[in-house]
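Student: This is the structure, below, for whatever I ask next.
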Amino acid sequence: MKGGMGAFLAAVDHADLEAELSDWTQWQKLVPLTSAEKAALPKPESVADFRKKEWVKGGIFSDVAHDDFAVHGVLSHGDYRLRVPSWDNAKYAAPCEFSCPTGIPTQRRYGLIRQGKTDAAIQLELDYTPFPGSVCGSVCPNPCMDGCTRGGIDFPIQIGDLGYLSAFAQVEPPKVHTGKTVAIIGGGVAGLSAAWQLARKGHTVTVYDDADHIGGKLEQVIPRGRLSHELLEAELKRIEGVGVTFVSKTRVDKAKFAGLQKDNDAVIVATGGTKSRYFPWEGVEHLTMGLEYLKAINRGEHPKTGKHVVVIGAGNSGMDTCRGAYDMGAETVVAVDVQKPAAFADEIAYVEGRGGKLVWPFFTSKITPEGVYANDGRFIPADQVIVSIGEEPVLDFLPEDERIQYFRKSWLVPDKTQSILPGVFTAGDTIKPGRLTDAIGSGRKAAWYADQYLNGTAEPFPEKKKVPAEQLSTAYFERCHHCDLGDPADDHTRCVSCGTCRDCKMCLESCPEEAITRVQHEDGSWEYKSDPARCIGCGICAGVCPCGVWTLKDNPVKIPMYSTGQQA
């Protein structure tokens, strides 16, 4: 060191330190302690104690934050996870349920079938509709199938056929009666849907209708070729079987309505659309009203029918009218509309298969005994023109009360509880025109609020949001190319069970930390739980769940940190 000190200091430009650093009396040699010397030394503080007491008291950031002195790795458990999983079973509606105006949870029915509870699955549909065969299985366009997630894999679940399985199922009448009475004006789908729900809750329900037979458009308008009359009668008898009383051939006027209000605890107005709509075309006196025409056919009559018929309107009602005209002997039938025909594809195919033609866009301007003219001069010869562009309600029996609100002086505008007066509710086509499934859902909703009114409660009608599509993992389902579907109950293997746990155990088997456990309940139900002490918030459970039941959220736990009192 003595020989090299000068050269070293010169190299680092500190030759001035040579005298000081060359005082060898200040140098000491480091030697290791003996074992005995080490044992005699006081025990050193832990790193944590040194950090708290000696390094910076309160922690290195003690002037701005509270340090809990915990050491967290990249993967944290408990409160320090960035994200936490949540098992949200049945929180969301499946697309089929969400798309169904009646609100039938098909995914729950298939869940029951997976458990071997087919009878319970059949009964479940009857909790939502009294017409699983007549509507769901026969004349409904099945918007549930349009929304079905499985349709994006191969083709939708056979929901309409599944509904038909409940067509002839029997239902026990309620064992307990409330003593409350409800009058329902209108024996169509909406009124009978409300009656079905209220009677099963134990209320005494009477349905009044001015027709010879209860059933509304199902009985009076839908062609027998589309709907089996025997099936309809069976479902009407089931409604009577739960305690609903039918009173037909009874016209309700203002006096009768006042009496029903007085004699009952609640009233539901569900008279539907009973008058054909038409525009003030020139020659409207030559029109045949489609609604009355179809009613006459279903009564077994043979209404006057021309050899060459034009039907104004190419929706489902228009197609029913075309079908009826052919059945009554028409040689040619042409349906005209201002827009692309809105009828179901199979109904259009049926009419075209019998030789019918659809013409659009066709803006009717004049009707004559010789046919119908469009506003562009086109002429279609006909010896009968039938209008079938929809119906509107006749509500002249309601009192003249300023509390009753109308839309275009025809349709009722109820409040959010479907009430138009205290204790008076409405449903179906009295609110707005719709499909039969819309009427069933509207009747169900009116019954809910009527029941709340009778019980003195105010719970809102239960509605769910649709499960986000990005939460579903459809890649786990095999594509069916040319398979024979067979019994619709067998579709439980194809159903994705959107938003509702199918108990596939994929989350249980995939969790890398084994944080998930399955809990079996005595009633046969189950739930999956995530242990915060083991879970690291990785999100694998949400990623593998085919049903979208597991969701991953930012950790809601707030960790006290900043000295200012704010939360991290």
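Ligands are numbered from 1 in the order shown, chains are lettered A, B, ... in the order of the structure tokens, and residues start at 1 in each chain.
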Can you pull out the residues contacting range 233-250 of chain A? Cut-off 7 Å, using only C-alpha atoms, and skip same-chain residues under 6 positions away; I want them as a list in words.
Tutor: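 Those residues are Pro130, Phe131, Gln170, Glu172, Pro173, Pro174, Ala195, Trp196, Ala199, Arg200, Val205, Thr206, Val207, Tyr208, Asp209, Asp210, Ala211, Asp212, His213 and Ile214 of chain A.
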Student: Find the residues near Ser530 in chain A: any atom within 12 Å, counting only C-alpha atoms, skip ones fewer than 2 places away on the same chain, and give them as a ChimeraX atom specification.
Tutor: /A:77-78,84-88,507-508,511,513-519,527-528,532-539,541-542,550-552
Student: What gap, in Å, lies between CA of Lys340 in chain A and CA of Ala314 in chain A?
Tutor: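 Interatomic distance here is 8.1 Å.
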Student: Could you tell me which of A:Lys465, A:Lys304, A:His177, A:Lys275 comes closest to Gly324 in chain A if we count only C-alpha atoms?
Tutor: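 For Gly324 in chain A, the nearest of the given residues is A:Lys304.
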Student: Skip Gln418 in chain A itself and residues of its chain fewer than 2 positions away, then list as an MDAnalysis selection string all residues within 8 Å of it, counting only C-alpha atoms.
Tutor: chainID A and resid 414:416 420 425:427 445:446 449
Student: Rounded to one decimal in Å, what is the spacing between CA of Arg114 in chain A and CA of Gln158 in chain A?
Tutor: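 Interatomic distance, CA of Arg114 in chain A to CA of Gln158 in chain A: 15.8 Å.
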Student: Just asking: which residues within range 167-272 of chain A are strand (DSSP E) according to DSSP, as a ChimeraX atom specification?
Tutor: /A:181-185,204-208,245-247,266-269
Student: Those residues with all heavy atoms, as a compact mmCIF listing (two decimals), in the first residue's frame please?
Tutor:
```txt
# COMPACT_ATOMS: atom_id res chain seq x y z
N THR A 181 -111.39 -10.17 -3.43
CA THR A 181 -112.01 -10.46 -4.71
C THR A 181 -111.50 -9.51 -5.79
O THR A 181 -111.28 -8.32 -5.53
CB THR A 181 -113.54 -10.35 -4.61
OG1 THR A 181 -113.89 -9.00 -4.24
CG2 THR A 181 -114.10 -11.31 -3.59
N VAL A 182 -111.32 -10.06 -6.99
CA VAL A 182 -110.83 -9.27 -8.12
C VAL A 182 -111.73 -9.53 -9.32
O VAL A 182 -112.02 -10.68 -9.65
CB VAL A 182 -109.38 -9.64 -8.48
CG1 VAL A 182 -108.88 -8.77 -9.63
CG2 VAL A 182 -108.46 -9.49 -7.26
N ALA A 183 -112.17 -8.44 -9.97
CA ALA A 183 -112.93 -8.55 -11.21
C ALA A 183 -112.01 -8.22 -12.37
O ALA A 183 -111.31 -7.21 -12.34
CB ALA A 183 -114.12 -7.60 -11.19
N ILE A 184 -112.01 -9.07 -13.39
CA ILE A 184 -111.20 -8.82 -14.58
C ILE A 184 -112.13 -8.66 -15.76
O ILE A 184 -112.93 -9.56 -16.06
CB ILE A 184 -110.20 -9.97 -14.80
CG1 ILE A 184 -109.21 -10.01 -13.64
CG2 ILE A 184 -109.47 -9.79 -16.13
CD1 ILE A 184 -108.16 -11.08 -13.74
N ILE A 185 -112.03 -7.52 -16.41
CA ILE A 185 -112.88 -7.23 -17.56
C ILE A 185 -112.09 -7.55 -18.83
O ILE A 185 -111.13 -6.87 -19.16
CB ILE A 185 -113.32 -5.75 -17.57
CG1 ILE A 185 -113.99 -5.40 -16.23
CG2 ILE A 185 -114.27 -5.48 -18.72
CD1 ILE A 185 -114.24 -3.91 -16.06
N THR A 204 -109.96 -14.48 -4.95
CA THR A 204 -111.15 -14.94 -5.68
C THR A 204 -111.29 -14.08 -6.93
O THR A 204 -111.46 -12.86 -6.84
CB THR A 204 -112.40 -14.83 -4.81
OG1 THR A 204 -112.23 -15.65 -3.64
CG2 THR A 204 -113.63 -15.30 -5.57
N VAL A 205 -111.22 -14.71 -8.10
CA VAL A 205 -111.14 -13.97 -9.36
C VAL A 205 -112.30 -14.36 -10.27
O VAL A 205 -112.59 -15.53 -10.46
CB VAL A 205 -109.80 -14.27 -10.08
CG1 VAL A 205 -109.72 -13.45 -11.37
CG2 VAL A 205 -108.62 -13.96 -9.17
N THR A 206 -112.93 -13.32 -10.85
CA THR A 206 -114.00 -13.53 -11.83
C THR A 206 -113.65 -12.76 -13.09
O THR A 206 -113.28 -11.58 -13.04
CB THR A 206 -115.36 -13.04 -11.30
OG1 THR A 206 -115.64 -13.70 -10.05
CG2 THR A 206 -116.47 -13.35 -12.29
N VAL A 207 -113.74 -13.44 -14.24
CA VAL A 207 -113.44 -12.84 -15.54
C VAL A 207 -114.74 -12.61 -16.29
O VAL A 207 -115.55 -13.53 -16.46
CB VAL A 207 -112.50 -13.74 -16.37
CG1 VAL A 207 -112.27 -13.13 -17.74
CG2 VAL A 207 -111.18 -13.95 -15.65
N TYR A 208 -114.95 -11.37 -16.76
CA TYR A 208 -116.15 -11.00 -17.50
C TYR A 208 -115.79 -10.72 -18.96
O TYR A 208 -114.81 -10.03 -19.25
CB TYR A 208 -116.79 -9.74 -16.89
CG TYR A 208 -117.23 -9.92 -15.46
CD1 TYR A 208 -116.34 -9.68 -14.40
CD2 TYR A 208 -118.52 -10.32 -15.15
CE1 TYR A 208 -116.73 -9.84 -13.08
CE2 TYR A 208 -118.93 -10.48 -13.82
CZ TYR A 208 -118.03 -10.23 -12.80
OH TYR A 208 -118.42 -10.39 -11.49
N THR A 245 -113.41 -17.92 -12.08
CA THR A 245 -114.77 -18.03 -12.59
C THR A 245 -114.92 -17.26 -13.89
O THR A 245 -114.52 -16.10 -13.96
CB THR A 245 -115.79 -17.50 -11.56
OG1 THR A 245 -115.67 -18.26 -10.34
CG2 THR A 245 -117.21 -17.61 -12.09
N PHE A 246 -115.47 -17.91 -14.93
CA PHE A 246 -115.71 -17.26 -16.22
C PHE A 246 -117.17 -16.83 -16.32
O PHE A 246 -118.08 -17.62 -16.06
CB PHE A 246 -115.41 -18.21 -17.38
CG PHE A 246 -113.95 -18.59 -17.51
CD1 PHE A 246 -113.58 -19.72 -18.23
CD2 PHE A 246 -112.94 -17.83 -16.92
CE1 PHE A 246 -112.25 -20.08 -18.37
CE2 PHE A 246 -111.61 -18.18 -17.05
CZ PHE A 246 -111.26 -19.31 -17.78
N VAL A 247 -117.37 -15.57 -16.69
CA VAL A 247 -118.72 -15.06 -16.95
C VAL A 247 -118.73 -14.50 -18.37
O VAL A 247 -118.21 -13.41 -18.61
CB VAL A 247 -119.13 -13.97 -15.93
CG1 VAL A 247 -120.54 -13.47 -16.24
CG2 VAL A 247 -119.06 -14.51 -14.51
N ALA A 266 -110.39 -5.14 -6.13
CA ALA A 266 -109.57 -4.62 -7.23
C ALA A 266 -110.23 -4.99 -8.55
O ALA A 266 -111.00 -5.95 -8.64
CB ALA A 266 -108.15 -5.17 -7.16
N VAL A 267 -109.91 -4.22 -9.58
CA VAL A 267 -110.44 -4.45 -10.93
C VAL A 267 -109.29 -4.34 -11.92
O VAL A 267 -108.41 -3.48 -11.78
CB VAL A 267 -111.54 -3.43 -11.30
CG1 VAL A 267 -112.00 -3.63 -12.74
CG2 VAL A 267 -112.73 -3.53 -10.34
N ILE A 268 -109.28 -5.24 -12.89
CA ILE A 268 -108.28 -5.16 -13.97
C ILE A 268 -109.00 -5.04 -15.30
O ILE A 268 -109.86 -5.85 -15.63
CB ILE A 268 -107.35 -6.40 -13.97
CG1 ILE A 268 -106.52 -6.43 -12.69
CG2 ILE A 268 -106.45 -6.38 -15.21
CD1 ILE A 268 -105.58 -7.60 -12.59
N VAL A 269 -108.66 -4.00 -16.05
CA VAL A 269 -109.24 -3.76 -17.38
C VAL A 269 -108.30 -4.36 -18.42
O VAL A 269 -107.16 -3.92 -18.57
CB VAL A 269 -109.42 -2.25 -17.64
CG1 VAL A 269 -109.95 -2.02 -19.05
CG2 VAL A 269 -110.36 -1.65 -16.60
```
Student: Select, from A:Gly428, A:Gly225, A:Gly137, A:Pro32, the residue with the minimum atom-to-atom distance to Ser166 in chain A, counting only C-alpha atoms.
Tutor: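 Residue with the minimum atom-to-atom distance to Ser166 in chain A: A:Gly137.
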Student: Name all residues at most 12 Å from Phe477 in chain A (count only C-alpha atoms; drop same-chain ones fewer than 5 positions away) and give them as a compact mmCIF listing (two decimals) with all heavy atoms, in the first residue's frame.
Tutor:
```txt
# COMPACT_ATOMS: atom_id res chain seq x y z
N THR A 149 -78.33 -17.60 -26.81
CA THR A 149 -76.89 -17.61 -27.03
C THR A 149 -76.46 -18.80 -27.88
O THR A 149 -75.54 -18.70 -28.69
CB THR A 149 -76.15 -17.67 -25.67
OG1 THR A 149 -76.51 -16.52 -24.90
CG2 THR A 149 -74.65 -17.70 -25.85
N ARG A 150 -77.14 -19.91 -27.71
CA ARG A 150 -76.78 -21.11 -28.45
C ARG A 150 -76.92 -20.90 -29.96
O ARG A 150 -76.23 -21.56 -30.75
CB ARG A 150 -77.67 -22.27 -28.00
CG ARG A 150 -77.28 -23.61 -28.59
CD ARG A 150 -76.02 -24.17 -27.98
NE ARG A 150 -75.37 -25.14 -28.84
CZ ARG A 150 -74.48 -26.05 -28.44
NH1 ARG A 150 -74.13 -26.11 -27.17
NH2 ARG A 150 -73.94 -26.89 -29.28
N GLY A 151 -77.78 -19.97 -30.36
CA GLY A 151 -77.94 -19.68 -31.77
C GLY A 151 -76.67 -19.17 -32.42
O GLY A 151 -76.49 -19.28 -33.64
N GLY A 152 -75.75 -18.62 -31.63
CA GLY A 152 -74.47 -18.16 -32.15
C GLY A 152 -73.45 -19.27 -32.27
O GLY A 152 -72.37 -19.06 -32.82
N ILE A 153 -73.79 -20.45 -31.75
CA ILE A 153 -72.90 -21.61 -31.84
C ILE A 153 -73.34 -22.53 -32.98
O ILE A 153 -72.56 -22.90 -33.84
CB ILE A 153 -72.88 -22.40 -30.51
CG1 ILE A 153 -72.40 -21.49 -29.37
CG2 ILE A 153 -72.02 -23.64 -30.63
CD1 ILE A 153 -72.49 -22.14 -28.01
N ASP A 154 -74.63 -22.89 -32.97
CA ASP A 154 -75.19 -23.68 -34.07
C ASP A 154 -76.63 -23.25 -34.34
O ASP A 154 -76.89 -22.51 -35.26
CB ASP A 154 -75.09 -25.19 -33.78
CG ASP A 154 -75.32 -25.53 -32.32
OD1 ASP A 154 -76.24 -24.95 -31.71
OD2 ASP A 154 -74.58 -26.37 -31.78
N LEU A 472 -69.84 -14.80 -20.98
CA LEU A 472 -70.14 -16.18 -21.34
C LEU A 472 -68.98 -16.78 -22.13
O LEU A 472 -68.40 -16.12 -22.98
CB LEU A 472 -71.42 -16.23 -22.17
CG LEU A 472 -72.65 -15.55 -21.53
CD1 LEU A 472 -73.80 -15.53 -22.52
CD2 LEU A 472 -73.05 -16.27 -20.25
N THR A 493 -78.35 -30.44 -22.54
CA THR A 493 -76.91 -30.58 -22.75
C THR A 493 -76.37 -29.46 -23.64
O THR A 493 -75.18 -29.15 -23.58
CB THR A 493 -76.59 -31.93 -23.41
OG1 THR A 493 -77.29 -32.03 -24.66
CG2 THR A 493 -77.03 -33.08 -22.51
N ARG A 494 -77.24 -28.86 -24.46
CA ARG A 494 -76.80 -27.77 -25.34
C ARG A 494 -76.98 -26.41 -24.69
O ARG A 494 -76.30 -25.46 -25.04
CB ARG A 494 -77.59 -27.80 -26.66
CG ARG A 494 -77.30 -29.01 -27.52
CD ARG A 494 -77.68 -28.78 -28.98
NE ARG A 494 -79.02 -28.25 -29.15
CZ ARG A 494 -79.30 -27.10 -29.75
NH1 ARG A 494 -78.33 -26.34 -30.24
NH2 ARG A 494 -80.55 -26.70 -29.88
N CYS A 495 -77.90 -26.28 -23.75
CA CYS A 495 -78.19 -24.98 -23.13
C CYS A 495 -76.95 -24.47 -22.40
O CYS A 495 -76.33 -25.18 -21.61
CB CYS A 495 -79.36 -25.12 -22.16
SG CYS A 495 -79.70 -23.62 -21.22
N VAL A 496 -76.59 -23.23 -22.68
CA VAL A 496 -75.42 -22.61 -22.06
C VAL A 496 -75.68 -22.26 -20.60
O VAL A 496 -74.76 -22.06 -19.82
CB VAL A 496 -75.00 -21.35 -22.87
CG1 VAL A 496 -73.83 -20.63 -22.22
CG2 VAL A 496 -74.65 -21.74 -24.30
N SER A 497 -76.94 -22.19 -20.22
CA SER A 497 -77.33 -21.81 -18.85
C SER A 497 -76.82 -20.42 -18.50
O SER A 497 -76.25 -20.19 -17.44
CB SER A 497 -76.83 -22.84 -17.83
OG SER A 497 -77.40 -22.61 -16.55
N CYS A 545 -65.66 -19.86 -16.46
CA CYS A 545 -67.09 -20.12 -16.21
C CYS A 545 -67.87 -19.99 -17.52
O CYS A 545 -67.94 -18.91 -18.11
CB CYS A 545 -67.64 -19.13 -15.19
SG CYS A 545 -69.41 -19.37 -14.87
N PRO A 546 -68.48 -21.06 -18.02
CA PRO A 546 -69.23 -20.97 -19.28
C PRO A 546 -70.52 -20.18 -19.15
O PRO A 546 -71.04 -19.67 -20.14
CB PRO A 546 -69.51 -22.43 -19.62
CG PRO A 546 -69.53 -23.13 -18.31
CD PRO A 546 -68.50 -22.42 -17.45
N CYS A 547 -71.03 -20.05 -17.93
CA CYS A 547 -72.35 -19.43 -17.72
C CYS A 547 -72.27 -17.95 -17.38
O CYS A 547 -73.32 -17.30 -17.29
CB CYS A 547 -73.08 -20.16 -16.58
SG CYS A 547 -73.04 -21.95 -16.70
```
Student: Could you check which of A:Leu17, A:Val139, A:Leu287, A:Ala167 is closest to Asp383 in chain A, using only C-alpha atoms?
Tutor: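 Checking each of A:Leu17, A:Val139, A:Leu287, A:Ala167 against Asp383 in chain A, counting only C-alpha atoms, the winner is A:Leu287.
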Student: Could you list, as a PyMOL selection string, every residue within 10 Å of Gly273 in chain A, counting only C-alpha atoms and ignoring same-chain residues fewer than 3 positions away?
Tutor: chain A and resi 188+216-217+270+276-277+291+390-395+410-411+428-434
Student: Create the file for the chosen residues now, containing N, CA, C and O atoms and written as a PDB file, in the first residue's frame.
Tutor:
```pdb
ATOM      1  N   GLY A 188    -109.484 -12.238 -22.673  1.00  0.00           N
ATOM      2  CA  GLY A 188    -108.409 -12.562 -23.601  1.00  0.00           C
ATOM      3  C   GLY A 188    -107.150 -12.966 -22.872  1.00  0.00           C
ATOM      4  O   GLY A 188    -107.156 -13.224 -21.660  1.00  0.00           O
ATOM      5  N   GLY A 216    -110.631 -14.729 -25.842  1.00  0.00           N
ATOM      6  CA  GLY A 216    -110.139 -13.609 -26.628  1.00  0.00           C
ATOM      7  C   GLY A 216    -109.730 -14.026 -28.033  1.00  0.00           C
ATOM      8  O   GLY A 216    -110.408 -14.824 -28.683  1.00  0.00           O
ATOM      9  N   LYS A 217    -108.614 -13.495 -28.504  1.00  0.00           N
ATOM     10  CA  LYS A 217    -108.179 -13.770 -29.873  1.00  0.00           C
ATOM     11  C   LYS A 217    -107.781 -15.225 -30.078  1.00  0.00           C
ATOM     12  O   LYS A 217    -107.885 -15.744 -31.191  1.00  0.00           O
ATOM     13  N   ALA A 270    -108.798  -5.382 -19.121  1.00  0.00           N
ATOM     14  CA  ALA A 270    -107.968  -6.072 -20.120  1.00  0.00           C
ATOM     15  C   ALA A 270    -108.833  -6.460 -21.318  1.00  0.00           C
ATOM     16  O   ALA A 270    -108.848  -7.609 -21.751  1.00  0.00           O
ATOM     17  N   SER A 276    -111.350  -2.924 -35.447  1.00  0.00           N
ATOM     18  CA  SER A 276    -110.358  -2.858 -36.515  1.00  0.00           C
ATOM     19  C   SER A 276    -109.978  -1.411 -36.809  1.00  0.00           C
ATOM     20  O   SER A 276    -110.841  -0.532 -36.866  1.00  0.00           O
ATOM     21  N   ARG A 277    -108.689  -1.193 -37.025  1.00  0.00           N
ATOM     22  CA  ARG A 277    -108.215   0.137 -37.382  1.00  0.00           C
ATOM     23  C   ARG A 277    -108.141   0.275 -38.900  1.00  0.00           C
ATOM     24  O   ARG A 277    -107.882  -0.694 -39.614  1.00  0.00           O
ATOM     25  N   LEU A 291    -111.083  -8.124 -38.286  1.00  0.00           N
ATOM     26  CA  LEU A 291    -111.327  -8.729 -36.975  1.00  0.00           C
ATOM     27  C   LEU A 291    -112.676  -9.427 -36.942  1.00  0.00           C
ATOM     28  O   LEU A 291    -112.787 -10.587 -36.498  1.00  0.00           O
ATOM     29  N   GLY A 390    -104.426  -4.057 -37.740  1.00  0.00           N
ATOM     30  CA  GLY A 390    -104.372  -3.914 -36.295  1.00  0.00           C
ATOM     31  C   GLY A 390    -105.692  -3.454 -35.712  1.00  0.00           C
ATOM     32  O   GLY A 390    -106.638  -3.134 -36.441  1.00  0.00           O
ATOM     33  N   GLU A 391    -105.743  -3.446 -34.386  1.00  0.00           N
ATOM     34  CA  GLU A 391    -106.974  -3.091 -33.688  1.00  0.00           C
ATOM     35  C   GLU A 391    -106.684  -2.057 -32.602  1.00  0.00           C
ATOM     36  O   GLU A 391    -105.538  -1.860 -32.211  1.00  0.00           O
ATOM     37  N   GLU A 392    -107.749  -1.432 -32.142  1.00  0.00           N
ATOM     38  CA  GLU A 392    -107.640  -0.505 -31.016  1.00  0.00           C
ATOM     39  C   GLU A 392    -108.740  -0.821 -30.013  1.00  0.00           C
ATOM     40  O   GLU A 392    -109.771  -1.420 -30.361  1.00  0.00           O
ATOM     41  N   PRO A 393    -108.541  -0.459 -28.760  1.00  0.00           N
ATOM     42  CA  PRO A 393    -109.542  -0.798 -27.734  1.00  0.00           C
ATOM     43  C   PRO A 393    -110.754   0.112 -27.762  1.00  0.00           C
ATOM     44  O   PRO A 393    -110.699   1.248 -28.232  1.00  0.00           O
ATOM     45  N   VAL A 394    -111.850  -0.423 -27.262  1.00  0.00           N
ATOM     46  CA  VAL A 394    -113.074   0.351 -27.028  1.00  0.00           C
ATOM     47  C   VAL A 394    -113.240   0.433 -25.513  1.00  0.00           C
ATOM     48  O   VAL A 394    -113.472  -0.572 -24.853  1.00  0.00           O
ATOM     49  N   LEU A 395    -113.114   1.639 -24.970  1.00  0.00           N
ATOM     50  CA  LEU A 395    -113.093   1.823 -23.507  1.00  0.00           C
ATOM     51  C   LEU A 395    -114.199   2.760 -23.038  1.00  0.00           C
ATOM     52  O   LEU A 395    -114.053   3.478 -22.055  1.00  0.00           O
ATOM     53  N   SER A 410    -107.307   6.673 -27.421  1.00  0.00           N
ATOM     54  CA  SER A 410    -107.677   5.268 -27.595  1.00  0.00           C
ATOM     55  C   SER A 410    -107.044   4.366 -26.537  1.00  0.00           C
ATOM     56  O   SER A 410    -107.757   3.588 -25.896  1.00  0.00           O
ATOM     57  N   TRP A 411    -105.727   4.456 -26.367  1.00  0.00           N
ATOM     58  CA  TRP A 411    -105.036   3.550 -25.460  1.00  0.00           C
ATOM     59  C   TRP A 411    -104.817   4.195 -24.095  1.00  0.00           C
ATOM     60  O   TRP A 411    -104.599   5.398 -23.987  1.00  0.00           O
ATOM     61  N   GLY A 428    -102.238  -5.455 -21.314  1.00  0.00           N
ATOM     62  CA  GLY A 428    -102.390  -5.918 -22.683  1.00  0.00           C
ATOM     63  C   GLY A 428    -102.594  -4.820 -23.702  1.00  0.00           C
ATOM     64  O   GLY A 428    -102.034  -3.722 -23.586  1.00  0.00           O
ATOM     65  N   ASP A 429    -103.422  -5.099 -24.701  1.00  0.00           N
ATOM     66  CA  ASP A 429    -103.612  -4.182 -25.822  1.00  0.00           C
ATOM     67  C   ASP A 429    -104.406  -2.936 -25.465  1.00  0.00           C
ATOM     68  O   ASP A 429    -104.573  -2.057 -26.319  1.00  0.00           O
ATOM     69  N   THR A 430    -104.882  -2.814 -24.247  1.00  0.00           N
ATOM     70  CA  THR A 430    -105.487  -1.546 -23.820  1.00  0.00           C
ATOM     71  C   THR A 430    -104.397  -0.498 -23.584  1.00  0.00           C
ATOM     72  O   THR A 430    -104.684   0.699 -23.556  1.00  0.00           O
ATOM     73  N   ILE A 431    -103.146  -0.962 -23.415  1.00  0.00           N
ATOM     74  CA  ILE A 431    -102.017  -0.048 -23.216  1.00  0.00           C
ATOM     75  C   ILE A 431    -101.327   0.224 -24.544  1.00  0.00           C
ATOM     76  O   ILE A 431    -101.072   1.366 -24.905  1.00  0.00           O
ATOM     77  N   LYS A 432    -101.021  -0.829 -25.282  1.00  0.00           N
ATOM     78  CA  LYS A 432    -100.440  -0.686 -26.622  1.00  0.00           C
ATOM     79  C   LYS A 432    -100.567  -2.021 -27.346  1.00  0.00           C
ATOM     80  O   LYS A 432    -100.578  -3.081 -26.713  1.00  0.00           O
ATOM     81  N   PRO A 433    -100.651  -1.994 -28.674  1.00  0.00           N
ATOM     82  CA  PRO A 433    -100.755  -3.250 -29.418  1.00  0.00           C
ATOM     83  C   PRO A 433     -99.499  -4.088 -29.224  1.00  0.00           C
ATOM     84  O   PRO A 433     -98.390  -3.557 -29.108  1.00  0.00           O
ATOM     85  N   GLY A 434     -99.680  -5.384 -29.184  1.00  0.00           N
ATOM     86  CA  GLY A 434     -98.527  -6.257 -28.994  1.00  0.00           C
ATOM     87  C   GLY A 434     -98.839  -7.688 -29.366  1.00  0.00           C
ATOM     88  O   GLY A 434     -99.949  -8.020 -29.783  1.00  0.00           O
TER      89      GLY A 434
END
```
Student: Point out the residue among A:Ser317, A:Asn555, A:Thr332, A:Thr106 with the least atom-to-atom distance to Ser76 in chain A, counting only C-alpha atoms.
Tutor: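 Among the listed residues, A:Asn555 lies closest to Ser76 in chain A.
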